[in-house]
$ cat query_17.cif   # mmCIF, C-alpha atoms
data_target
#
loop_
_atom_site.group_PDB
_atom_site.id
_atom_site.type_symbol
_atom_site.label_atom_id
_atom_site.label_comp_id
_atom_site.auth_asym_id
_atom_site.auth_seq_id
_atom_site.Cartn_x
_atom_site.Cartn_y
_atom_site.Cartn_z
ATOM 1 C CA MET W 250 79.565 112.667 89.686
ATOM 2 C CA LYS W 251 77.529 111.201 86.839
ATOM 3 C CA LEU W 252 79.487 108.639 84.805
ATOM 4 C CA SER W 253 78.720 106.462 81.805
ATOM 5 C CA VAL W 254 80.675 103.521 80.477
ATOM 6 C CA LEU W 255 81.051 102.259 76.906
ATOM 7 C CA VAL W 256 82.076 98.625 76.438
ATOM 8 C CA ASN W 257 83.333 97.721 72.953
ATOM 9 C CA GLU W 258 84.769 94.275 73.626
ATOM 10 C CA GLY W 259 83.315 90.861 74.487
ATOM 11 C CA PRO W 260 84.225 88.767 77.534
ATOM 12 C CA TYR W 261 86.637 86.475 75.625
ATOM 13 C CA GLN W 262 88.838 88.851 73.648
ATOM 14 C CA HIS W 263 91.294 90.816 75.762
ATOM 15 C CA GLN W 264 90.677 92.309 79.179
ATOM 16 C CA SER W 265 88.403 95.264 78.556
ATOM 17 C CA ALA W 266 85.146 93.560 79.513
ATOM 18 C CA ASP W 267 86.703 92.838 82.906
ATOM 19 C CA SER W 268 88.173 96.323 83.233
ATOM 20 C CA ALA W 269 84.778 97.858 82.473
ATOM 21 C CA ILE W 270 82.932 95.973 85.186
ATOM 22 C CA GLN W 271 85.714 96.502 87.742
ATOM 23 C CA PHE W 272 85.690 100.222 86.976
ATOM 24 C CA THR W 273 81.898 100.381 87.255
ATOM 25 C CA LYS W 274 81.959 98.560 90.611
ATOM 26 C CA ALA W 275 84.626 100.947 91.923
ATOM 27 C CA ALA W 276 82.660 103.994 90.730
ATOM 28 C CA LEU W 277 79.501 102.772 92.469
ATOM 29 C CA ALA W 278 81.476 101.971 95.627
ATOM 30 C CA LYS W 279 82.695 105.561 95.662
ATOM 31 C CA GLY W 280 79.119 106.807 95.525
ATOM 32 C CA HIS W 281 79.120 108.029 91.914
ATOM 33 C CA GLU W 282 76.026 107.699 89.775
ATOM 34 C CA VAL W 283 76.411 105.397 86.769
ATOM 35 C CA PHE W 284 73.961 106.864 84.295
ATOM 36 C CA ARG W 285 74.293 104.119 81.691
ATOM 37 C CA VAL W 286 76.518 101.298 80.497
ATOM 38 C CA PHE W 287 76.372 100.976 76.713
ATOM 39 C CA PHE W 288 77.516 97.802 74.940
ATOM 40 C CA TYR W 289 78.631 98.283 71.353
ATOM 41 C CA HIS W 290 80.501 96.237 68.702
ATOM 42 C CA ASP W 291 81.598 92.870 70.196
ATOM 43 C CA GLY W 292 80.743 94.332 73.597
ATOM 44 C CA VAL W 293 77.164 93.150 73.005
ATOM 45 C CA ASN W 294 78.432 89.615 73.740
ATOM 46 C CA ASN W 295 78.493 90.642 77.413
ATOM 47 C CA GLY W 296 74.704 90.563 77.313
ATOM 48 C CA THR W 297 73.829 87.045 76.136
ATOM 49 C CA SER W 298 72.116 84.668 78.525
ATOM 50 C CA TYR W 299 73.026 81.688 76.304
ATOM 51 C CA ALA W 300 76.713 81.733 77.254
ATOM 52 C CA VAL W 301 77.613 78.973 79.714
ATOM 53 C CA PRO W 302 81.189 79.488 80.919
ATOM 54 C CA PRO W 303 82.766 76.730 83.066
ATOM 55 C CA GLN W 304 81.763 76.943 86.715
ATOM 56 C CA ASP W 305 85.246 77.973 87.848
ATOM 57 C CA ASP W 306 85.434 80.765 85.243
ATOM 58 C CA ARG W 307 84.145 84.261 85.899
ATOM 59 C CA ASN W 308 80.691 84.926 84.465
ATOM 60 C CA ILE W 309 80.662 88.565 83.411
ATOM 61 C CA THR W 310 77.067 88.511 82.172
ATOM 62 C CA GLN W 311 75.871 87.280 85.557
ATOM 63 C CA GLU W 312 78.011 89.883 87.302
ATOM 64 C CA TRP W 313 76.410 92.653 85.240
ATOM 65 C CA THR W 314 72.944 91.244 85.923
ATOM 66 C CA SER W 315 73.449 91.247 89.687
ATOM 67 C CA LEU W 316 75.155 94.644 89.644
ATOM 68 C CA ALA W 317 72.213 96.036 87.657
ATOM 69 C CA LYS W 318 69.772 94.572 90.156
ATOM 70 C CA GLU W 319 71.661 95.952 93.119
ATOM 71 C CA HIS W 320 72.185 99.467 91.745
ATOM 72 C CA ASP W 321 69.324 99.789 89.279
ATOM 73 C CA LEU W 322 71.791 100.176 86.382
ATOM 74 C CA ASP W 323 70.725 100.893 82.818
ATOM 75 C CA LEU W 324 72.569 98.312 80.681
ATOM 76 C CA VAL W 325 71.913 99.043 77.005
ATOM 77 C CA VAL W 326 72.933 96.813 74.116
ATOM 78 C CA CYS W 327 73.209 98.363 70.630
ATOM 79 C CA ILE W 328 70.497 96.833 68.469
ATOM 80 C CA ALA W 329 72.394 96.757 65.163
ATOM 81 C CA ALA W 330 75.520 95.275 66.763
ATOM 82 C CA ALA W 331 73.347 92.766 68.662
ATOM 83 C CA GLN W 332 71.395 91.551 65.637
ATOM 84 C CA ARG W 333 74.592 90.894 63.704
ATOM 85 C CA ARG W 334 75.816 88.714 66.566
ATOM 86 C CA GLY W 335 72.580 86.849 67.297
ATOM 87 C CA ILE W 336 71.503 88.673 70.430
ATOM 88 C CA LEU W 337 67.762 89.259 70.493
ATOM 89 C CA ASP W 338 65.068 90.223 72.928
ATOM 90 C CA GLU W 339 61.566 88.741 72.773
ATOM 91 C CA ASN W 340 60.145 91.380 70.423
ATOM 92 C CA GLU W 341 63.034 91.257 67.962
ATOM 93 C CA SER W 342 63.010 87.466 68.025
ATOM 94 C CA LYS W 343 59.340 87.428 67.001
ATOM 95 C CA ARG W 344 59.876 90.148 64.414
ATOM 96 C CA GLN W 345 62.759 88.230 62.830
ATOM 97 C CA GLY W 346 60.969 84.876 63.044
ATOM 98 C CA LYS W 347 63.531 83.285 65.369
ATOM 99 C CA ASP W 348 63.003 80.424 67.835
ATOM 100 C CA GLY W 349 64.182 82.091 71.007
ATOM 101 C CA PHE W 350 65.668 85.156 72.577
ATOM 102 C CA ASN W 351 68.768 85.513 74.688
ATOM 103 C CA ILE W 352 69.158 89.028 76.039
ATOM 104 C CA ALA W 353 70.326 88.544 79.619
ATOM 105 C CA GLU W 354 68.323 89.768 82.599
ATOM 106 C CA GLY W 355 69.044 93.389 83.441
ATOM 107 C CA PHE W 356 70.046 94.296 79.857
ATOM 108 C CA ARG W 357 67.863 95.998 77.270
ATOM 109 C CA ILE W 358 68.278 96.419 73.524
ATOM 110 C CA SER W 359 68.093 99.917 72.086
ATOM 111 C CA GLY W 360 69.722 102.243 69.597
ATOM 112 C CA LEU W 361 72.851 104.355 69.331
ATOM 113 C CA GLY W 362 70.876 107.400 70.432
ATOM 114 C CA GLN W 363 71.185 105.976 73.939
ATOM 115 C CA LEU W 364 74.968 106.261 73.685
ATOM 116 C CA ILE W 365 74.778 109.852 72.469
ATOM 117 C CA GLU W 366 72.377 110.686 75.288
ATOM 118 C CA ALA W 367 74.715 109.068 77.823
ATOM 119 C CA GLY W 368 77.545 111.233 76.494
ATOM 120 C CA ILE W 369 75.445 114.365 76.838
ATOM 121 C CA GLN W 370 73.900 113.605 80.220
ATOM 122 C CA SER W 371 77.027 112.325 81.959
ATOM 123 C CA ASP W 372 79.973 114.287 83.328
ATOM 124 C CA ARG W 373 82.367 111.644 81.990
ATOM 125 C CA LEU W 374 82.152 108.845 79.430
ATOM 126 C CA VAL W 375 84.789 106.170 79.938
ATOM 127 C CA ILE W 376 85.496 103.807 77.040
ATOM 128 C CA PHE W 377 86.757 100.251 77.331
ATOM 129 C CA GLY W 378 87.614 98.235 74.263
ATOM 130 C CA ASP W 379 90.082 96.591 71.992
ATOM 131 C CA MET Z 1119 92.376 120.045 84.857
ATOM 132 C CA PRO Z 1120 93.413 118.820 81.395
ATOM 133 C CA MET Z 1121 92.714 115.436 79.959
ATOM 134 C CA LEU Z 1122 93.331 111.948 81.261
ATOM 135 C CA HIS Z 1123 94.622 109.599 78.563
ATOM 136 C CA THR Z 1124 94.255 105.858 79.119
ATOM 137 C CA VAL Z 1125 96.466 103.423 77.213
ATOM 138 C CA ASN Z 1126 95.518 99.732 77.275
ATOM 139 C CA LYS Z 1127 97.933 98.151 74.800
ATOM 140 C CA SER Z 1128 101.565 97.168 75.283
ATOM 141 C CA PRO Z 1129 104.045 99.565 73.634
ATOM 142 C CA PHE Z 1130 105.621 96.421 72.126
ATOM 143 C CA GLU Z 1131 102.353 95.593 70.349
ATOM 144 C CA ARG Z 1132 100.825 98.881 69.255
ATOM 145 C CA ARG Z 1133 101.703 102.543 68.899
ATOM 146 C CA THR Z 1134 98.953 103.922 71.129
ATOM 147 C CA LEU Z 1135 101.313 105.065 73.898
ATOM 148 C CA ASP Z 1136 103.296 107.118 71.361
ATOM 149 C CA THR Z 1137 100.069 108.546 69.963
ATOM 150 C CA ALA Z 1138 98.810 109.432 73.426
ATOM 151 C CA LEU Z 1139 102.113 111.119 74.337
ATOM 152 C CA ARG Z 1140 102.122 113.035 71.066
ATOM 153 C CA HIS Z 1141 98.622 114.384 71.675
ATOM 154 C CA ALA Z 1142 98.788 114.931 75.431
ATOM 155 C CA VAL Z 1143 99.360 118.565 76.368
ATOM 156 C CA LYS Z 1144 101.654 119.500 79.246
ATOM 157 C CA GLY Z 1145 99.845 118.704 82.485
ATOM 158 C CA ALA Z 1146 97.694 115.975 80.981
ATOM 159 C CA ALA Z 1147 97.920 112.613 82.720
ATOM 160 C CA ILE Z 1148 98.523 109.141 81.328
ATOM 161 C CA LEU Z 1149 96.993 106.060 82.936
ATOM 162 C CA LEU Z 1150 98.391 102.690 81.869
ATOM 163 C CA ILE Z 1151 95.928 99.799 82.154
ATOM 164 C CA GLU Z 1152 95.654 96.204 80.866
ATOM 165 C CA ASP Z 1153 98.649 95.381 78.604
ATOM 166 C CA GLY Z 1154 99.507 99.087 78.688
ATOM 167 C CA VAL Z 1155 101.147 98.474 82.075
ATOM 168 C CA TYR Z 1156 104.198 97.011 80.293
ATOM 169 C CA ALA Z 1157 105.201 100.599 79.503
ATOM 170 C CA ALA Z 1158 105.527 101.282 83.238
ATOM 171 C CA PHE Z 1159 108.291 98.761 83.900
ATOM 172 C CA ASP Z 1160 111.910 99.804 84.222
ATOM 173 C CA GLY Z 1161 114.641 98.290 82.070
ATOM 174 C CA THR Z 1162 112.648 97.965 78.851
ATOM 175 C CA VAL Z 1163 113.527 99.601 75.528
ATOM 176 C CA VAL Z 1164 110.735 102.157 76.023
ATOM 177 C CA ALA Z 1165 111.644 103.013 79.640
ATOM 178 C CA ASP Z 1166 113.758 106.049 78.696
ATOM 179 C CA LYS Z 1167 110.944 107.502 76.621
ATOM 180 C CA VAL Z 1168 108.474 106.997 79.476
ATOM 181 C CA LYS Z 1169 110.897 108.553 81.985
ATOM 182 C CA ALA Z 1170 111.288 111.574 79.697
ATOM 183 C CA ALA Z 1171 107.491 111.920 79.511
ATOM 184 C CA LEU Z 1172 107.348 112.201 83.305
ATOM 185 C CA SER Z 1173 108.669 115.759 83.073
ATOM 186 C CA ASP Z 1174 105.499 116.884 81.240
ATOM 187 C CA HIS Z 1175 102.915 114.389 82.509
ATOM 188 C CA LYS Z 1176 101.857 112.591 85.602
ATOM 189 C CA ILE Z 1177 101.854 108.903 84.758
ATOM 190 C CA TYR Z 1178 99.775 106.340 86.615
ATOM 191 C CA VAL Z 1179 99.591 102.567 86.331
ATOM 192 C CA LEU Z 1180 96.774 100.271 87.437
ATOM 193 C CA GLY Z 1181 98.162 98.084 90.257
ATOM 194 C CA PRO Z 1182 95.829 95.083 89.811
ATOM 195 C CA ASP Z 1183 96.886 94.847 86.149
ATOM 196 C CA VAL Z 1184 100.559 94.967 87.207
ATOM 197 C CA SER Z 1185 100.125 92.050 89.632
ATOM 198 C CA ALA Z 1186 97.941 90.145 87.132
ATOM 199 C CA ARG Z 1187 101.060 89.996 84.928
ATOM 200 C CA GLY Z 1188 103.288 88.604 87.667
ATOM 201 C CA MET Z 1189 105.039 91.907 88.167
ATOM 202 C CA SER Z 1190 105.199 94.080 91.269
ATOM 203 C CA GLU Z 1191 105.506 97.738 92.188
ATOM 204 C CA HIS Z 1192 109.293 97.231 92.467
ATOM 205 C CA HIS Z 1193 109.441 96.848 88.671
ATOM 206 C CA VAL Z 1194 107.628 100.149 88.103
ATOM 207 C CA ILE Z 1195 109.686 103.185 87.050
ATOM 208 C CA ASP Z 1196 110.268 105.701 89.882
ATOM 209 C CA GLY Z 1197 107.844 108.587 89.585
ATOM 210 C CA ILE Z 1198 104.973 106.532 88.143
ATOM 211 C CA ASN Z 1199 102.118 106.288 90.636
ATOM 212 C CA VAL Z 1200 100.419 102.942 91.201
ATOM 213 C CA VAL Z 1201 96.632 103.210 91.660
ATOM 214 C CA ASP Z 1202 93.811 100.717 92.230
ATOM 215 C CA TYR Z 1203 90.384 100.798 90.538
ATOM 216 C CA GLY Z 1204 89.206 103.362 93.093
ATOM 217 C CA GLY Z 1205 92.175 105.511 92.097
ATOM 218 C CA PHE Z 1206 91.204 105.034 88.440
ATOM 219 C CA VAL Z 1207 87.731 106.397 89.260
ATOM 220 C CA ASP Z 1208 89.274 109.344 91.137
ATOM 221 C CA LEU Z 1209 91.467 110.219 88.135
ATOM 222 C CA VAL Z 1210 88.440 110.109 85.827
ATOM 223 C CA THR Z 1211 86.641 112.609 88.046
ATOM 224 C CA GLU Z 1212 89.686 114.832 88.722
ATOM 225 C CA TYR Z 1213 90.518 115.387 85.057
ATOM 226 C CA ASP Z 1214 88.069 117.194 82.780
ATOM 227 C CA LYS Z 1215 87.846 114.533 80.092
ATOM 228 C CA VAL Z 1216 88.952 110.989 79.454
ATOM 229 C CA GLN Z 1217 90.490 109.892 76.169
ATOM 230 C CA SER Z 1218 90.805 106.125 75.832
ATOM 231 C CA TRP Z 1219 93.453 105.176 73.280
ATOM 232 C CA LEU Z 1220 92.388 101.734 72.115
#

$ encode --input "query_17.cif" --output "structure tokens"
Amino acid sequence: MKLSVLVNEGPYQHQSADSAIQFTKAALAKGHEVFRVFFYHDGVNNGTSYAVPPQDDRNITQEWTSLAKEHDLDLVVCIAAAQRRGILDENESKRQGKDGFNIAEGFRISGLGQLIEAGIQSDRLVIFGD
Amino acid sequence: MPMLHTVNKSPFERRTLDTALRHAVKGAAILLIEDGVYAAFDGTVVADKVKAALSDHKIYVLGPDVSARGMSEHHVIDGINVVDYGGFVDLVTEYDKVQSWL
């Protein structure tokens, strides 16, 4: 079955960021197609490469990056939510005159249309958040 | 199959379980995850309400989230099914739609 996941919460709020990645891993393990994972609201904080959690702490961003590599996942970060929270890709960084960019490997920044499309194209959309 | 409703907040913190139960039609399923698993334990002030809901709904609870809170399947109300993440995925595919009460 074709599934999409919406993540509305960052890695350091409650548990939803963890639930989302565990669910996605389980869906892939069962042979389902994950059409897209969309990060919205504080969920965009899952996609910053500038976060440096302690070595003995789980690193959700890195987990998403390797999962995306392994399964060719489409990890999309909402652009408006990302800009508010200081998450930029190279183009946006230049456009806004910033010094650097921090979108993590395997993630891309795009618009809400990508969420709507995921809802239309997928058999199920599962939402994780606060 | 009707809808799967997921509840991720404790019934002692928010009203989402009540809202889910009010909206769920007969035959719809409830899956308790994250702090929502507290609704699955026997002996609490909401246990009677949850037991009553079992006559209209299948109720599931996410096992890893139960153990993450130092509880075990022995604390879970009889009739509530404990599932793992794979079981969560199966429920999502078995039911027609998923409503996440946040």

$ resolve_selection --input "query_17.cif" --expression "the PyMOL selection byres ((chain Z) within 6 of (chain W))" --output "list of chain:residue names"
Z:Tyr1203, Z:Gly1204, Z:Val1207, Z:Ser1218, Z:Leu1220

$ resolve_selection --input "query_17.cif" --expression "the PyMOL selection byres ((chain Z and resi 1158-1162) around 12)" --output "count of residues only"
47

$ resolve_selection --input "query_17.cif" --expression "the PyMOL selection byres ((chain W and resi 311) around 12)" --output "ChimeraX atom specification"
/W:260,270,295-302,304,306-310,312-318,352-356

$ closest_residue --input "query_17.cif" --among "Z:His1141, Z:His1175, Z:Ala1170, Z:Leu1122" --to "Z:Asp1208" --atoms "only C-alpha atoms"
Z:Leu1122

$ atom_distance --input "query_17.cif" --atom1 "atom CA of W:Pro303" --atom2 "atom CA of W:Val325"
25.5 Å

$ closest_residue --input "query_17.cif" --among "Z:Leu1139, Z:Leu1209, Z:Ala1186, Z:Val1201" --to "Z:Met1119" --atoms "all atoms listed in the file"
Z:Leu1209

$ decode --input "query_17.cif" --residues "stretch 1122-1168 of chain Z" --atoms "N, CA and C atoms" --output "PDB file, in the first residue's frame"
ATOM      1  N   LEU Z1122      -9.778   4.252  11.738  1.00  0.00           N
ATOM      2  CA  LEU Z1122      -8.890   4.025  12.875  1.00  0.00           C
ATOM      3  C   LEU Z1122      -8.607   5.387  13.514  1.00  0.00           C
ATOM      4  N   HIS Z1123      -8.852   5.495  14.805  1.00  0.00           N
ATOM      5  CA  HIS Z1123      -8.577   6.742  15.519  1.00  0.00           C
ATOM      6  C   HIS Z1123      -7.343   6.536  16.392  1.00  0.00           C
ATOM      7  N   THR Z1124      -6.326   7.378  16.234  1.00  0.00           N
ATOM      8  CA  THR Z1124      -5.185   7.276  17.146  1.00  0.00           C
ATOM      9  C   THR Z1124      -5.259   8.399  18.177  1.00  0.00           C
ATOM     10  N   VAL Z1125      -4.941   8.045  19.414  1.00  0.00           N
ATOM     11  CA  VAL Z1125      -4.943   9.018  20.516  1.00  0.00           C
ATOM     12  C   VAL Z1125      -3.552   8.991  21.147  1.00  0.00           C
ATOM     13  N   ASN Z1126      -2.888  10.149  21.200  1.00  0.00           N
ATOM     14  CA  ASN Z1126      -1.501  10.162  21.686  1.00  0.00           C
ATOM     15  C   ASN Z1126      -1.295  10.985  22.957  1.00  0.00           C
ATOM     16  N   LYS Z1127      -2.400  11.401  23.586  1.00  0.00           N
ATOM     17  CA  LYS Z1127      -2.249  12.157  24.836  1.00  0.00           C
ATOM     18  C   LYS Z1127      -2.939  11.417  25.979  1.00  0.00           C
ATOM     19  N   SER Z1128      -2.383  11.543  27.167  1.00  0.00           N
ATOM     20  CA  SER Z1128      -2.969  10.917  28.349  1.00  0.00           C
ATOM     21  C   SER Z1128      -4.364  11.489  28.600  1.00  0.00           C
ATOM     22  N   PRO Z1129      -5.308  10.631  29.015  1.00  0.00           N
ATOM     23  CA  PRO Z1129      -6.657  11.127  29.334  1.00  0.00           C
ATOM     24  C   PRO Z1129      -6.640  12.015  30.577  1.00  0.00           C
ATOM     25  N   PHE Z1130      -5.515  12.025  31.309  1.00  0.00           N
ATOM     26  CA  PHE Z1130      -5.402  12.862  32.505  1.00  0.00           C
ATOM     27  C   PHE Z1130      -4.811  14.223  32.156  1.00  0.00           C
ATOM     28  N   GLU Z1131      -4.487  14.401  30.848  1.00  0.00           N
ATOM     29  CA  GLU Z1131      -3.862  15.650  30.412  1.00  0.00           C
ATOM     30  C   GLU Z1131      -4.763  16.392  29.432  1.00  0.00           C
ATOM     31  N   ARG Z1132      -5.362  15.643  28.524  1.00  0.00           N
ATOM     32  CA  ARG Z1132      -6.203  16.270  27.501  1.00  0.00           C
ATOM     33  C   ARG Z1132      -7.486  15.473  27.311  1.00  0.00           C
ATOM     34  N   ARG Z1133      -8.383  16.035  26.515  1.00  0.00           N
ATOM     35  CA  ARG Z1133      -9.695  15.424  26.321  1.00  0.00           C
ATOM     36  C   ARG Z1133      -9.783  14.650  25.004  1.00  0.00           C
ATOM     37  N   THR Z1134      -8.650  14.376  24.378  1.00  0.00           N
ATOM     38  CA  THR Z1134      -8.718  13.803  23.026  1.00  0.00           C
ATOM     39  C   THR Z1134      -9.328  12.405  22.998  1.00  0.00           C
ATOM     40  N   LEU Z1135      -9.122  11.611  24.077  1.00  0.00           N
ATOM     41  CA  LEU Z1135      -9.728  10.279  24.078  1.00  0.00           C
ATOM     42  C   LEU Z1135     -11.256  10.404  24.066  1.00  0.00           C
ATOM     43  N   ASP Z1136     -11.776  11.318  24.900  1.00  0.00           N
ATOM     44  CA  ASP Z1136     -13.231  11.539  24.930  1.00  0.00           C
ATOM     45  C   ASP Z1136     -13.733  11.986  23.557  1.00  0.00           C
ATOM     46  N   THR Z1137     -12.988  12.897  22.944  1.00  0.00           N
ATOM     47  CA  THR Z1137     -13.392  13.395  21.624  1.00  0.00           C
ATOM     48  C   THR Z1137     -13.394  12.261  20.607  1.00  0.00           C
ATOM     49  N   ALA Z1138     -12.350  11.454  20.640  1.00  0.00           N
ATOM     50  CA  ALA Z1138     -12.261  10.332  19.702  1.00  0.00           C
ATOM     51  C   ALA Z1138     -13.440   9.383  19.910  1.00  0.00           C
ATOM     52  N   LEU Z1139     -13.735   9.062  21.178  1.00  0.00           N
ATOM     53  CA  LEU Z1139     -14.826   8.119  21.464  1.00  0.00           C
ATOM     54  C   LEU Z1139     -16.181   8.700  21.059  1.00  0.00           C
ATOM     55  N   ARG Z1140     -16.305  10.021  21.189  1.00  0.00           N
ATOM     56  CA  ARG Z1140     -17.567  10.656  20.821  1.00  0.00           C
ATOM     57  C   ARG Z1140     -17.782  10.612  19.305  1.00  0.00           C
ATOM     58  N   HIS Z1141     -16.696  10.717  18.560  1.00  0.00           N
ATOM     59  CA  HIS Z1141     -16.807  10.756  17.099  1.00  0.00           C
ATOM     60  C   HIS Z1141     -16.752   9.383  16.449  1.00  0.00           C
ATOM     61  N   ALA Z1142     -16.157   8.409  17.135  1.00  0.00           N
ATOM     62  CA  ALA Z1142     -15.958   7.099  16.517  1.00  0.00           C
ATOM     63  C   ALA Z1142     -17.300   6.383  16.362  1.00  0.00           C
ATOM     64  N   VAL Z1143     -17.581   5.908  15.156  1.00  0.00           N
ATOM     65  CA  VAL Z1143     -18.814   5.152  14.949  1.00  0.00           C
ATOM     66  C   VAL Z1143     -18.591   3.706  15.421  1.00  0.00           C
ATOM     67  N   LYS Z1144     -19.694   3.002  15.624  1.00  0.00           N
ATOM     68  CA  LYS Z1144     -19.588   1.599  16.043  1.00  0.00           C
ATOM     69  C   LYS Z1144     -18.740   0.843  15.018  1.00  0.00           C
ATOM     70  N   GLY Z1145     -17.778   0.077  15.494  1.00  0.00           N
ATOM     71  CA  GLY Z1145     -16.924  -0.675  14.584  1.00  0.00           C
ATOM     72  C   GLY Z1145     -15.607   0.006  14.283  1.00  0.00           C
ATOM     73  N   ALA Z1146     -15.542   1.315  14.575  1.00  0.00           N
ATOM     74  CA  ALA Z1146     -14.270   2.018  14.411  1.00  0.00           C
ATOM     75  C   ALA Z1146     -13.313   1.566  15.507  1.00  0.00           C
ATOM     76  N   ALA Z1147     -12.019   1.657  15.226  1.00  0.00           N
ATOM     77  CA  ALA Z1147     -11.029   1.194  16.198  1.00  0.00           C
ATOM     78  C   ALA Z1147     -10.273   2.377  16.796  1.00  0.00           C
ATOM     79  N   ILE Z1148      -9.809   2.164  18.027  1.00  0.00           N
ATOM     80  CA  ILE Z1148      -9.014   3.183  18.716  1.00  0.00           C
ATOM     81  C   ILE Z1148      -7.626   2.589  18.948  1.00  0.00           C
ATOM     82  N   LEU Z1149      -6.598   3.342  18.599  1.00  0.00           N
ATOM     83  CA  LEU Z1149      -5.231   2.912  18.897  1.00  0.00           C
ATOM     84  C   LEU Z1149      -4.592   3.934  19.834  1.00  0.00           C
ATOM     85  N   LEU Z1150      -4.167   3.466  20.992  1.00  0.00           N
ATOM     86  CA  LEU Z1150      -3.550   4.347  21.990  1.00  0.00           C
ATOM     87  C   LEU Z1150      -2.037   4.299  21.832  1.00  0.00           C
ATOM     88  N   ILE Z1151      -1.429   5.462  21.584  1.00  0.00           N
ATOM     89  CA  ILE Z1151       0.031   5.519  21.438  1.00  0.00           C
ATOM     90  C   ILE Z1151       0.586   6.629  22.337  1.00  0.00           C
ATOM     91  N   GLU Z1152       1.912   6.674  22.455  1.00  0.00           N
ATOM     92  CA  GLU Z1152       2.591   7.694  23.276  1.00  0.00           C
ATOM     93  C   GLU Z1152       1.914   7.794  24.646  1.00  0.00           C
ATOM     94  N   ASP Z1153       1.666   9.015  25.160  1.00  0.00           N
ATOM     95  CA  ASP Z1153       1.038   9.134  26.482  1.00  0.00           C
ATOM     96  C   ASP Z1153      -0.418   8.651  26.478  1.00  0.00           C
ATOM     97  N   GLY Z1154      -0.968   8.416  25.308  1.00  0.00           N
ATOM     98  CA  GLY Z1154      -2.321   7.877  25.212  1.00  0.00           C
ATOM     99  C   GLY Z1154      -2.444   6.499  25.831  1.00  0.00           C
ATOM    100  N   VAL Z1155      -1.308   5.795  25.984  1.00  0.00           N
ATOM    101  CA  VAL Z1155      -1.355   4.431  26.527  1.00  0.00           C
ATOM    102  C   VAL Z1155      -1.849   4.413  27.974  1.00  0.00           C
ATOM    103  N   TYR Z1156      -1.766   5.551  28.673  1.00  0.00           N
ATOM    104  CA  TYR Z1156      -2.242   5.573  30.067  1.00  0.00           C
ATOM    105  C   TYR Z1156      -3.727   5.230  30.159  1.00  0.00           C
ATOM    106  N   ALA Z1157      -4.465   5.441  29.074  1.00  0.00           N
ATOM    107  CA  ALA Z1157      -5.891   5.111  29.081  1.00  0.00           C
ATOM    108  C   ALA Z1157      -6.110   3.600  29.062  1.00  0.00           C
ATOM    109  N   ALA Z1158      -5.074   2.844  28.719  1.00  0.00           N
ATOM    110  CA  ALA Z1158      -5.234   1.392  28.564  1.00  0.00           C
ATOM    111  C   ALA Z1158      -5.038   0.637  29.870  1.00  0.00           C
ATOM    112  N   PHE Z1159      -4.568   1.333  30.912  1.00  0.00           N
ATOM    113  CA  PHE Z1159      -4.243   0.625  32.150  1.00  0.00           C
ATOM    114  C   PHE Z1159      -5.468   0.469  33.043  1.00  0.00           C
ATOM    115  N   ASP Z1160      -5.527  -0.696  33.700  1.00  0.00           N
ATOM    116  CA  ASP Z1160      -6.651  -0.973  34.587  1.00  0.00           C
ATOM    117  C   ASP Z1160      -6.451  -0.264  35.932  1.00  0.00           C
ATOM    118  N   GLY Z1161      -7.557   0.036  36.591  1.00  0.00           N
ATOM    119  CA  GLY Z1161      -7.482   0.616  37.930  1.00  0.00           C
ATOM    120  C   GLY Z1161      -7.423   2.128  37.960  1.00  0.00           C
ATOM    121  N   THR Z1162      -7.477   2.780  36.809  1.00  0.00           N
ATOM    122  CA  THR Z1162      -7.466   4.244  36.801  1.00  0.00           C
ATOM    123  C   THR Z1162      -8.904   4.772  36.824  1.00  0.00           C
ATOM    124  N   VAL Z1163      -9.051   6.090  36.989  1.00  0.00           N
ATOM    125  CA  VAL Z1163     -10.405   6.651  37.041  1.00  0.00           C
ATOM    126  C   VAL Z1163     -11.096   6.623  35.670  1.00  0.00           C
ATOM    127  N   VAL Z1164     -10.331   6.418  34.596  1.00  0.00           N
ATOM    128  CA  VAL Z1164     -10.989   6.349  33.281  1.00  0.00           C
ATOM    129  C   VAL Z1164     -11.216   4.904  32.829  1.00  0.00           C
ATOM    130  N   ALA Z1165     -10.735   3.928  33.618  1.00  0.00           N
ATOM    131  CA  ALA Z1165     -10.785   2.529  33.173  1.00  0.00           C
ATOM    132  C   ALA Z1165     -12.211   2.061  32.851  1.00  0.00           C
ATOM    133  N   ASP Z1166     -13.184   2.480  33.676  1.00  0.00           N
ATOM    134  CA  ASP Z1166     -14.562   2.031  33.429  1.00  0.00           C
ATOM    135  C   ASP Z1166     -15.088   2.544  32.092  1.00  0.00           C
ATOM    136  N   LYS Z1167     -14.750   3.797  31.801  1.00  0.00           N
ATOM    137  CA  LYS Z1167     -15.181   4.389  30.533  1.00  0.00           C
ATOM    138  C   LYS Z1167     -14.562   3.635  29.349  1.00  0.00           C
ATOM    139  N   VAL Z1168     -13.284   3.297  29.484  1.00  0.00           N
ATOM    140  CA  VAL Z1168     -12.586   2.585  28.408  1.00  0.00           C
ATOM    141  C   VAL Z1168     -13.173   1.181  28.247  1.00  0.00           C
TER     142      VAL Z1168
END
